[in-house]
>>> print(open('final-v4.cif').read())   # mmCIF, C-alpha atoms
data_protein
loop_
_atom_site.group_PDB
_atom_site.id
_atom_site.type_symbol
_atom_site.label_atom_id
_atom_site.label_comp_id
_atom_site.auth_asym_id
_atom_site.auth_seq_id
_atom_site.Cartn_x
_atom_site.Cartn_y
_atom_site.Cartn_z
ATOM 1 C CA MET A 119 88.347 81.668 102.046
ATOM 2 C CA ASN A 120 85.232 80.675 103.944
ATOM 3 C CA PRO A 121 82.138 81.132 101.707
ATOM 4 C CA LEU A 122 79.931 81.307 104.807
ATOM 5 C CA ARG A 123 81.609 84.498 106.047
ATOM 6 C CA ARG A 124 83.030 87.733 104.692
ATOM 7 C CA VAL A 125 86.292 87.584 102.758
ATOM 8 C CA GLN A 126 89.245 88.792 104.809
ATOM 9 C CA VAL A 127 91.674 91.177 103.093
ATOM 10 C CA THR A 128 94.128 93.614 104.628
ATOM 11 C CA GLY A 129 92.571 96.929 103.703
ATOM 12 C CA ILE A 130 89.305 98.045 102.144
ATOM 13 C CA ALA A 131 87.673 95.258 100.133
ATOM 14 C CA PRO A 132 85.710 96.083 96.963
ATOM 15 C CA LYS A 133 81.948 95.599 97.067
ATOM 16 C CA PHE A 134 80.262 93.585 94.342
ATOM 17 C CA ALA A 135 76.842 93.220 92.751
ATOM 18 C CA VAL A 136 75.899 90.559 90.195
ATOM 19 C CA LEU A 137 72.812 90.896 88.003
ATOM 20 C CA ALA A 138 71.863 87.684 86.214
ATOM 21 C CA TYR A 139 69.039 87.134 83.720
ATOM 22 C CA SER A 140 67.713 83.717 82.658
ATOM 23 C CA GLY A 141 65.333 83.416 79.742
ATOM 24 C CA ILE A 142 64.629 84.141 76.121
ATOM 25 C CA VAL A 143 66.779 86.682 74.293
ATOM 26 C CA ASN A 144 64.752 88.946 72.029
ATOM 27 C CA GLU A 145 64.210 92.603 71.129
ATOM 28 C CA ARG A 146 62.565 93.369 74.471
ATOM 29 C CA LEU A 147 65.577 92.147 76.411
ATOM 30 C CA GLU A 148 67.981 94.048 74.173
ATOM 31 C CA TRP A 149 65.990 97.235 74.705
ATOM 32 C CA PHE A 150 66.070 96.712 78.463
ATOM 33 C CA MET A 151 69.807 96.027 78.575
ATOM 34 C CA SER A 152 70.752 98.909 76.291
ATOM 35 C CA THR A 153 68.428 101.363 78.053
ATOM 36 C CA PHE A 154 69.484 100.572 81.614
ATOM 37 C CA PHE A 155 73.143 99.544 81.201
ATOM 38 C CA THR A 156 74.134 102.905 79.771
ATOM 39 C CA GLU A 157 77.401 104.842 79.836
ATOM 40 C CA ARG A 158 76.149 106.515 83.011
ATOM 41 C CA ILE A 159 76.091 103.214 84.918
ATOM 42 C CA LYS A 160 79.785 102.749 85.565
ATOM 43 C CA ASN A 161 82.019 100.763 87.847
ATOM 44 C CA PRO A 162 84.528 102.589 90.075
ATOM 45 C CA ASN A 163 87.212 102.299 87.361
ATOM 46 C CA GLY A 164 85.032 104.135 84.833
ATOM 47 C CA CYS A 165 84.118 101.028 82.824
ATOM 48 C CA THR A 166 80.494 100.325 81.960
ATOM 49 C CA ALA A 167 78.738 97.846 84.269
ATOM 50 C CA SER A 168 77.746 94.446 82.878
ATOM 51 C CA ALA A 169 75.463 91.508 83.627
ATOM 52 C CA THR A 170 75.334 87.740 83.101
ATOM 53 C CA ILE A 171 72.745 86.411 80.646
ATOM 54 C CA PHE A 172 71.781 82.723 80.609
ATOM 55 C CA VAL A 173 70.205 82.128 77.205
ATOM 56 C CA THR A 174 67.363 79.599 77.441
ATOM 57 C CA GLU A 175 65.877 80.403 74.071
ATOM 58 C CA ASN A 176 67.284 82.539 71.324
ATOM 59 C CA GLU A 177 64.957 84.267 68.887
ATOM 60 C CA GLN A 178 67.701 86.359 67.306
ATOM 61 C CA SER A 179 71.342 85.382 67.472
ATOM 62 C CA CYS A 180 72.445 88.848 66.383
ATOM 63 C CA ILE A 181 71.026 90.230 69.633
ATOM 64 C CA VAL A 182 73.048 87.725 71.664
ATOM 65 C CA GLN A 183 76.125 88.777 69.725
ATOM 66 C CA ARG A 184 75.498 92.488 70.330
ATOM 67 C CA LEU A 185 74.952 91.912 74.057
ATOM 68 C CA PHE A 186 78.294 90.100 74.201
ATOM 69 C CA ILE A 187 80.078 92.857 72.269
ATOM 70 C CA HIS A 188 78.666 95.418 74.705
ATOM 71 C CA GLY A 189 80.382 93.605 77.570
ATOM 72 C CA HIS A 190 77.751 91.281 79.012
ATOM 73 C CA GLU A 191 78.631 87.691 79.864
ATOM 74 C CA ILE A 192 76.746 85.034 77.902
ATOM 75 C CA GLY A 193 76.007 81.658 79.493
ATOM 76 C CA ILE A 194 73.601 78.876 78.602
ATOM 77 C CA GLY A 195 70.326 78.194 80.340
ATOM 78 C CA LEU A 196 68.982 74.680 79.917
ATOM 79 C CA ASN A 197 65.607 74.529 78.257
ATOM 80 C CA PRO A 198 62.607 74.254 80.620
ATOM 81 C CA LYS A 199 60.650 72.343 77.956
ATOM 82 C CA TYR A 200 62.303 69.261 79.451
ATOM 83 C CA SER A 201 60.760 68.280 82.788
ATOM 84 C CA ASN A 202 62.818 68.209 85.969
ATOM 85 C CA ASN A 203 62.353 64.437 86.086
ATOM 86 C CA TRP A 204 64.035 64.155 82.683
ATOM 87 C CA TRP A 205 67.061 66.081 83.922
ATOM 88 C CA TYR A 206 67.223 64.075 87.166
ATOM 89 C CA ARG A 207 67.276 60.808 85.198
ATOM 90 C CA ALA A 208 69.653 62.058 82.502
ATOM 91 C CA THR A 209 72.943 60.209 82.207
ATOM 92 C CA GLU A 210 76.326 61.898 82.174
ATOM 93 C CA GLU A 211 76.405 61.350 78.411
ATOM 94 C CA GLN A 212 73.011 63.034 77.954
ATOM 95 C CA TRP A 213 74.058 66.001 80.098
ATOM 96 C CA THR A 214 77.312 66.275 78.151
ATOM 97 C CA LYS A 215 75.588 66.140 74.772
ATOM 98 C CA GLU A 216 72.957 68.681 75.816
ATOM 99 C CA THR A 217 75.263 71.274 77.361
ATOM 100 C CA GLY A 218 77.950 70.812 74.721
ATOM 101 C CA TRP A 219 75.475 70.975 71.833
ATOM 102 C CA ILE A 220 73.823 74.147 73.123
ATOM 103 C CA ARG A 221 77.140 75.902 73.716
ATOM 104 C CA ASP A 222 78.602 74.854 70.360
ATOM 105 C CA THR A 223 75.461 75.888 68.492
ATOM 106 C CA LEU A 224 75.231 79.207 70.311
ATOM 107 C CA SER A 225 78.882 79.858 69.483
ATOM 108 C CA LYS A 226 78.358 78.906 65.850
ATOM 109 C CA GLN A 227 75.342 81.162 65.404
ATOM 110 C CA THR A 228 76.746 84.194 67.245
ATOM 111 C CA SER A 229 80.504 83.901 66.577
ATOM 112 C CA ILE A 230 81.086 84.150 70.338
ATOM 113 C CA PRO A 231 84.151 81.989 71.110
ATOM 114 C CA VAL A 232 83.273 78.721 72.837
ATOM 115 C CA GLN A 233 85.759 79.511 75.608
ATOM 116 C CA SER A 234 83.866 82.737 76.365
ATOM 117 C CA ILE A 235 80.632 80.830 77.123
ATOM 118 C CA ARG A 236 81.667 79.783 80.609
ATOM 119 C CA GLY A 237 78.556 79.325 82.747
ATOM 120 C CA VAL A 238 75.405 77.194 82.945
ATOM 121 C CA ARG A 239 72.093 77.540 84.747
ATOM 122 C CA SER A 240 69.921 74.429 84.806
ATOM 123 C CA SER A 241 66.259 74.118 83.927
ATOM 124 C CA ARG A 242 64.029 75.744 86.580
ATOM 125 C CA VAL A 243 67.177 76.392 88.661
ATOM 126 C CA THR A 244 67.359 72.826 89.955
ATOM 127 C CA PRO A 245 70.675 70.924 89.901
ATOM 128 C CA GLY A 246 70.738 67.437 88.421
ATOM 129 C CA GLY A 247 73.227 65.683 90.671
ATOM 130 C CA ASN A 248 76.671 64.300 89.893
ATOM 131 C CA ASN A 249 75.968 63.659 86.195
ATOM 132 C CA HIS A 250 75.135 67.351 85.779
ATOM 133 C CA TYR A 251 78.511 68.414 87.174
ATOM 134 C CA LYS A 252 80.539 65.645 85.540
ATOM 135 C CA ALA A 253 79.277 66.921 82.195
ATOM 136 C CA LEU A 254 80.246 70.521 82.942
ATOM 137 C CA GLU A 255 83.679 69.422 84.134
ATOM 138 C CA LYS A 256 84.176 67.304 81.014
ATOM 139 C CA THR A 257 83.080 70.067 78.621
ATOM 140 C CA GLY A 258 85.264 72.705 80.267
ATOM 141 C CA PHE A 259 82.758 75.123 81.775
ATOM 142 C CA LEU A 260 84.026 77.403 84.543
ATOM 143 C CA TYR A 261 80.897 77.504 86.671
ATOM 144 C CA ASP A 262 77.320 76.454 87.296
ATOM 145 C CA SER A 263 74.630 78.598 88.917
ATOM 146 C CA SER A 264 71.758 76.254 89.731
ATOM 147 C CA ILE A 265 71.812 75.586 93.480
ATOM 148 C CA LYS A 266 69.591 77.486 95.880
ATOM 149 C CA THR A 267 71.163 77.905 99.300
ATOM 150 C CA GLU A 268 70.490 79.679 102.558
ATOM 151 C CA ASN A 269 73.943 79.982 104.074
ATOM 152 C CA ILE A 270 76.558 80.257 101.312
ATOM 153 C CA LEU A 271 77.415 83.870 100.545
ATOM 154 C CA TRP A 272 80.127 83.612 97.885
ATOM 155 C CA PRO A 273 80.981 81.491 94.829
ATOM 156 C CA ILE A 274 82.426 78.164 95.941
ATOM 157 C CA THR A 275 84.926 75.796 94.394
ATOM 158 C CA LEU A 276 83.750 72.247 93.790
ATOM 159 C CA ASP A 277 87.274 71.025 94.453
ATOM 160 C CA PHE A 278 85.515 69.994 97.664
ATOM 161 C CA PRO A 279 82.177 68.137 97.981
ATOM 162 C CA TRP A 280 78.979 70.134 98.438
ATOM 163 C CA GLU A 281 78.479 68.755 101.957
ATOM 164 C CA LYS A 282 81.617 70.627 103.050
ATOM 165 C CA TYR A 283 79.598 73.818 102.596
ATOM 166 C CA SER A 284 76.032 72.741 103.301
ATOM 167 C CA ARG A 285 74.145 69.598 104.269
ATOM 168 C CA LYS A 286 70.930 70.993 102.832
ATOM 169 C CA CYS A 287 69.770 70.769 99.229
ATOM 170 C CA ILE A 288 66.727 73.012 98.850
ATOM 171 C CA SER A 289 65.698 71.845 95.381
ATOM 172 C CA GLY A 290 66.914 69.340 92.837
ATOM 173 C CA ILE A 291 69.807 66.945 93.454
ATOM 174 C CA CYS A 292 73.005 68.518 94.762
ATOM 175 C CA PRO A 293 76.341 66.850 93.915
ATOM 176 C CA ASN A 294 78.192 64.764 96.489
ATOM 177 C CA GLU A 295 81.451 64.289 94.592
ATOM 178 C CA THR A 296 84.316 66.669 93.807
ATOM 179 C CA PHE A 297 84.768 68.443 90.460
ATOM 180 C CA PRO A 298 88.192 70.120 90.402
ATOM 181 C CA GLY A 299 88.261 73.454 88.612
ATOM 182 C CA LEU A 300 84.474 73.830 88.541
ATOM 183 C CA TRP A 301 82.714 76.550 90.558
ATOM 184 C CA GLU A 302 79.179 77.032 91.850
ATOM 185 C CA VAL A 303 77.611 80.485 92.072
ATOM 186 C CA PRO A 304 74.611 79.787 94.327
ATOM 187 C CA LEU A 305 71.266 81.556 94.353
ATOM 188 C CA ILE A 306 70.915 83.283 97.704
ATOM 189 C CA PRO A 307 67.496 84.244 99.139
ATOM 190 C CA PHE A 308 66.554 87.786 100.048
ATOM 191 C CA THR A 309 66.937 88.247 103.787
ATOM 192 C CA GLN A 310 63.555 89.909 104.192
ATOM 193 C CA GLY A 311 61.319 87.471 102.378
ATOM 194 C CA GLY A 312 63.166 84.334 101.332
ATOM 195 C CA GLN A 313 62.582 84.781 97.584
ATOM 196 C CA TYR A 314 65.423 83.823 95.253
ATOM 197 C CA VAL A 315 64.549 85.801 92.126
ATOM 198 C CA LEU A 316 63.298 89.325 91.577
ATOM 199 C CA ASP A 317 60.251 88.059 89.682
ATOM 200 C CA ASP A 318 58.798 86.682 92.927
ATOM 201 C CA LEU A 319 58.805 90.131 94.554
ATOM 202 C CA LEU A 320 55.777 91.042 92.453
ATOM 203 C CA PHE A 321 53.684 88.781 94.675
ATOM 204 C CA THR A 322 54.295 91.091 97.646
ATOM 205 C CA GLU A 323 55.763 94.366 96.351
ATOM 206 C CA LYS A 324 53.370 95.641 93.692
ATOM 207 C CA THR A 325 54.845 98.991 92.583
ATOM 208 C CA SER A 326 58.312 100.030 91.445
ATOM 209 C CA LYS A 327 58.698 102.208 94.552
ATOM 210 C CA GLN A 328 57.851 99.268 96.813
ATOM 211 C CA ILE A 329 60.295 96.976 94.985
ATOM 212 C CA THR A 330 63.042 99.608 95.069
ATOM 213 C CA LYS A 331 62.534 100.244 98.779
ATOM 214 C CA PHE A 332 62.706 96.497 99.449
ATOM 215 C CA LEU A 333 65.893 96.080 97.404
ATOM 216 C CA ILE A 334 67.681 99.088 98.865
ATOM 217 C CA LYS A 335 67.076 97.737 102.354
ATOM 218 C CA GLU A 336 68.389 94.357 101.194
ATOM 219 C CA ILE A 337 71.459 95.929 99.602
ATOM 220 C CA GLU A 338 72.251 97.968 102.704
ATOM 221 C CA MET A 339 72.217 94.797 104.804
ATOM 222 C CA LYS A 340 74.612 93.109 102.370
ATOM 223 C CA LEU A 341 76.957 96.094 102.313
ATOM 224 C CA LYS A 342 77.046 96.234 106.090
ATOM 225 C CA GLU A 343 78.227 92.611 106.193
ATOM 226 C CA ASP A 344 80.621 92.980 103.218
ATOM 227 C CA GLU A 345 78.675 90.363 101.263
ATOM 228 C CA PRO A 346 78.167 90.342 97.482
ATOM 229 C CA ILE A 347 74.760 91.375 96.157
ATOM 230 C CA PHE A 348 73.013 88.914 93.836
ATOM 231 C CA LEU A 349 70.005 90.044 91.801
ATOM 232 C CA ASN A 350 68.622 87.179 89.707
ATOM 233 C CA PHE A 351 65.665 87.746 87.429
ATOM 234 C CA GLY A 352 63.774 85.984 84.673
ATOM 235 C CA GLU A 353 61.401 86.793 81.850
ATOM 236 C CA THR A 354 59.016 88.779 84.064
ATOM 237 C CA ILE A 355 61.336 91.724 83.411
ATOM 238 C CA LEU A 356 60.175 91.694 79.785
ATOM 239 C CA HIS A 357 56.561 92.329 80.791
ATOM 240 C CA SER A 358 56.585 94.172 84.133
ATOM 241 C CA ALA A 359 57.125 97.931 83.980
ATOM 242 C CA ALA A 360 57.293 98.044 87.789
ATOM 243 C CA LEU A 361 60.186 95.580 87.890
ATOM 244 C CA ARG A 362 62.019 97.293 85.026
ATOM 245 C CA ASP A 363 61.697 100.722 86.631
ATOM 246 C CA SER A 364 62.951 99.350 89.923
ATOM 247 C CA ILE A 365 66.021 97.714 88.373
ATOM 248 C CA ARG A 366 66.807 100.968 86.559
ATOM 249 C CA ASP A 367 66.732 102.805 89.897
ATOM 250 C CA ILE A 368 68.790 100.102 91.621
ATOM 251 C CA LEU A 369 71.493 100.248 88.938
ATOM 252 C CA LYS A 370 71.793 103.996 89.474
ATOM 253 C CA TYR A 371 71.931 103.442 93.231
ATOM 254 C CA LEU A 372 74.662 100.791 92.969
ATOM 255 C CA SER A 373 76.736 102.913 90.607
ATOM 256 C CA LYS A 374 76.448 105.949 92.872
ATOM 257 C CA LYS A 375 77.579 103.791 95.821
ATOM 258 C CA LYS A 376 80.746 102.820 93.880
ATOM 259 C CA ILE A 377 79.807 99.147 93.825
ATOM 260 C CA TRP A 378 81.344 96.930 91.157
ATOM 261 C CA ILE A 379 78.539 95.562 88.942
ATOM 262 C CA VAL A 380 80.219 92.566 87.331
ATOM 263 C CA PRO A 381 79.472 89.233 85.632
ATOM 264 C CA MET A 382 79.683 85.991 87.577
ATOM 265 C CA SER A 383 83.036 84.964 86.121
ATOM 266 C CA SER A 384 84.659 88.198 87.343
ATOM 267 C CA LEU A 385 83.386 87.624 90.878
ATOM 268 C CA ILE A 386 84.784 84.088 90.738
ATOM 269 C CA GLU A 387 88.201 85.391 89.667
ATOM 270 C CA TRP A 388 88.256 87.856 92.564
ATOM 271 C CA THR A 389 87.156 85.106 94.967
ATOM 272 C CA LYS A 390 90.081 82.958 93.818
ATOM 273 C CA ARG A 391 92.574 85.747 94.545
ATOM 274 C CA PRO A 392 91.034 88.510 96.683
ATOM 275 C CA VAL A 393 92.667 91.938 96.530
ATOM 276 C CA ILE A 394 91.872 95.243 98.193
ATOM 277 C CA GLU A 395 89.932 98.008 96.457
ATOM 278 C CA LYS A 396 92.908 99.980 95.139
ATOM 279 C CA ASP A 397 94.522 96.877 93.605
ATOM 280 C CA ILE A 398 91.457 95.710 91.704
ATOM 281 C CA PHE A 399 91.921 98.428 89.085
ATOM 282 C CA SER A 400 94.895 96.551 87.611
ATOM 283 C CA LYS A 401 93.184 93.136 87.424
ATOM 284 C CA GLY A 402 92.446 92.134 83.846
ATOM 285 C CA GLU A 403 88.924 90.778 84.395
ATOM 286 C CA PHE A 404 87.808 94.182 85.699
ATOM 287 C CA GLN A 405 89.170 96.261 82.828
ATOM 288 C CA CYS A 406 86.953 97.915 80.231
ATOM 289 C CA VAL A 407 85.690 95.420 77.663
ATOM 290 C CA SER A 408 86.500 95.923 73.989
ATOM 291 C CA ARG A 409 85.185 93.074 71.833
ATOM 292 C CA VAL A 410 85.154 92.787 68.062
ATOM 293 C CA LEU A 411 83.846 89.621 66.411
ATOM 294 C CA VAL A 412 85.167 88.909 62.938
ATOM 295 C CA LYS A 413 82.251 86.811 61.691
ATOM 296 C CA ASP A 414 78.678 87.992 61.305
ATOM 297 C CA CYS A 415 75.867 86.315 63.205
ATOM 298 C CA LYS A 416 73.023 84.331 61.698
ATOM 299 C CA LYS A 417 70.264 86.877 61.311
ATOM 300 C CA ARG A 418 67.391 84.904 62.804
ATOM 301 C CA VAL A 419 67.386 81.482 64.390
ATOM 302 C CA ASN A 420 65.678 79.869 67.354
ATOM 303 C CA ILE A 421 68.278 77.402 68.558
ATOM 304 C CA PHE A 422 66.512 75.883 71.552
ATOM 305 C CA PHE A 423 63.075 75.191 70.134
ATOM 306 C CA PHE A 424 61.548 71.775 70.697
ATOM 307 C CA GLY A 425 58.538 70.234 69.004
ATOM 308 C CA GLU A 426 55.750 68.464 70.872
ATOM 309 C CA ASP A 427 57.678 65.196 70.701
ATOM 310 C CA ASN A 428 60.726 66.833 72.324
ATOM 311 C CA GLN A 429 62.746 66.588 69.106
ATOM 312 C CA ARG A 430 64.959 69.556 68.379
ATOM 313 C CA LEU A 431 64.109 71.310 65.118
ATOM 314 C CA LEU A 432 67.357 71.817 63.224
ATOM 315 C CA SER A 433 66.126 73.071 59.867
ATOM 316 C CA GLU A 434 67.075 76.677 60.621
ATOM 317 C CA LEU A 435 70.510 75.714 61.927
ATOM 318 C CA LEU A 436 71.924 73.906 58.940
#
>>> encode(input="final-v4.cif", output="structure tokens")
Amino acid sequence: MNPLRRVQVTGIAPKFAVLAYSGIVNERLEWFMSTFFTERIKNPNGCTASATIFVTENEQSCIVQRLFIHGHEIGIGLNPKYSNNWWYRATEEQWTKETGWIRDTLSKQTSIPVQSIRGVRSSRVTPGGNNHYKALEKTGFLYDSSIKTENILWPITLDFPWEKYSRKCISGICPNETFPGLWEVPLIPFTQGGQYVLDDLLFTEKTSKQITKFLIKEIEMKLKEDEPIFLNFGETILHSAALRDSIRDILKYLSKKKIWIVPMSSLIEWTKRPVIEKDIFSKGEFQCVSRVLVKDCKKRVNIFFFGEDNQRLLSELL
């Protein structure tokens, strides 16, 4: 498939929306997710919609576990307490240790299987070049979601070099090698304003009605072109009632429009093997999620906290 154009299938193609959060996981986020991703927000097959959550800091591992059990996809977000320059200079070994350590620790504290933690979003959404992607390939991640782009509409396979898709790297250091089996889910700007995350809309759209109106117009343009809808947001959602109210309304709107609200890994699986709308109901990654974890979580632990000297504090982990 060509990620710069609509996917061609013989028949009616399903329409997708991906909601992705990056930031701290705490009681506020759990309240938001449980209040807005309710039984009334369903996909066309009757299953509850779900989001992707990149955990950058974890105040309570039990919350991460509950979000996973409720069907949301858990990925790791690299800690912004490291500067971009640190990540740019990091060796493949440092990237591998960092991503592997975070995933293993998150799995240990939440009892989420390591193989279920499949995605990474880098610090401040800026890719770190070939070492970044070599580490993800080596540690067995399915995808990264750190590259901002203007012209790529779908997840792309890194079986081919980045320059095959785009010669422009908007921020950070994009890879120039191939990484077979690894995927990139890019951040795509809003057509109307060029922002990449919902948080930035608060600079121009001040009320929930204004944000909702903006997003509905954006969604309608995507639907007209048969493009997936990406709604990325950060910790502003924890503090902005206007943004929360707007996302609640947008979820209802998407569900009413019979749009599949799915995690990033599900969109990747469909992109690998596109099928028409009526055939998607039988695909395993789109079935209703039923998860039971045998082990309990650690009741309270902050696994990504760094001291002033950038040394990880492990006392609560051991």
>>> closest_residue(input="final-v4.cif", among="A:Ile334, A:Ile274, A:Val315, A:Ile386", to="A:Pro298", atoms="all atoms listed in the file")
A:Ile274
>>> resolve_selection(input="final-v4.cif", expression="the PyMOL selection byres ((chain A and resi 387) around 10)", output="number ranges by chain")
A: 273, 382-386, 388-392, 401-404
>>> atom_distance(input="final-v4.cif", atom1="atom CA of A:Leu333", atom2="atom CA of A:Cys165")
23.9 Å
>>> atom_distance(input="final-v4.cif", atom1="atom CA of A:Gly246", atom2="atom CA of A:Tyr206")
5.0 Å
>>> resolve_selection(input="final-v4.cif", expression="the PyMOL selection byres ((chain A and resi 342-351) around 10)", output="number ranges by chain")
A: 121-126, 131-141, 169-171, 271-273, 303-308, 314-318, 333, 336-341, 352-355, 361, 365, 372, 377-379, 382, 385
>>> resolve_selection(input="final-v4.cif", expression="the PyMOL selection byres ((chain A and resi 228-243) around 6)", output="PyMOL selection string")
chain A and resi 179+183+192-198+225-227+244+259-264+413+415
>>> atom_distance(input="final-v4.cif", atom1="atom CA of A:Lys331", atom2="atom CA of A:Phe154")
18.5 Å
>>> closest_residue(input="final-v4.cif", among="A:Gln313, A:Tyr251, A:Tyr283, A:Glu323", to="A:Thr296", atoms="only C-alpha atoms")
A:Tyr251
>>> closest_residue(input="final-v4.cif", among="A:Leu369, A:Met151, A:Ala360, A:Ala167", to="A:Gln328", atoms="all atoms listed in the file")
A:Ala360
>>> closest_residue(input="final-v4.cif", among="A:Val380, A:Asn202, A:Asn176, A:Lys375", to="A:Cys406", atoms="only C-alpha atoms")
A:Val380
>>> axis_aligned_box(input="final-v4.cif", around="stretch 366-383 of chain A", padding_each_side="8 Å", output="JSON")
{"center_x": 74.9, "center_y": 95.5, "center_z": 90.7, "size_x": 32.3, "size_y": 37.0, "size_z": 26.2}
>>> residues_around(input="final-v4.cif", residues="A:Val143", least_positions_apart="4", cutoff="9 Å", atoms="all atoms listed in the file", output="PyMOL selection string")
chain A and resi 147-148+171-179+181-182
>>> residues_around(input="final-v4.cif", residues="A:Ile187", least_positions_apart="4", cutoff="8 Å", atoms="all atoms listed in the file", output="list in words")
Gln183, Ser408, Arg409, Val410 and Leu411 of chain A
>>> write_last_selection(input="final-v4.cif", atoms="C-alpha atoms", output="PDB file, in the coordinates of the input")
ATOM      1  CA  GLN A 183      76.125  88.777  69.725  1.00  0.00           C
ATOM      2  CA  SER A 408      86.500  95.923  73.989  1.00  0.00           C
ATOM      3  CA  ARG A 409      85.185  93.074  71.833  1.00  0.00           C
ATOM      4  CA  VAL A 410      85.154  92.787  68.062  1.00  0.00           C
ATOM      5  CA  LEU A 411      83.846  89.621  66.411  1.00  0.00           C
TER       6      LEU A 411
END
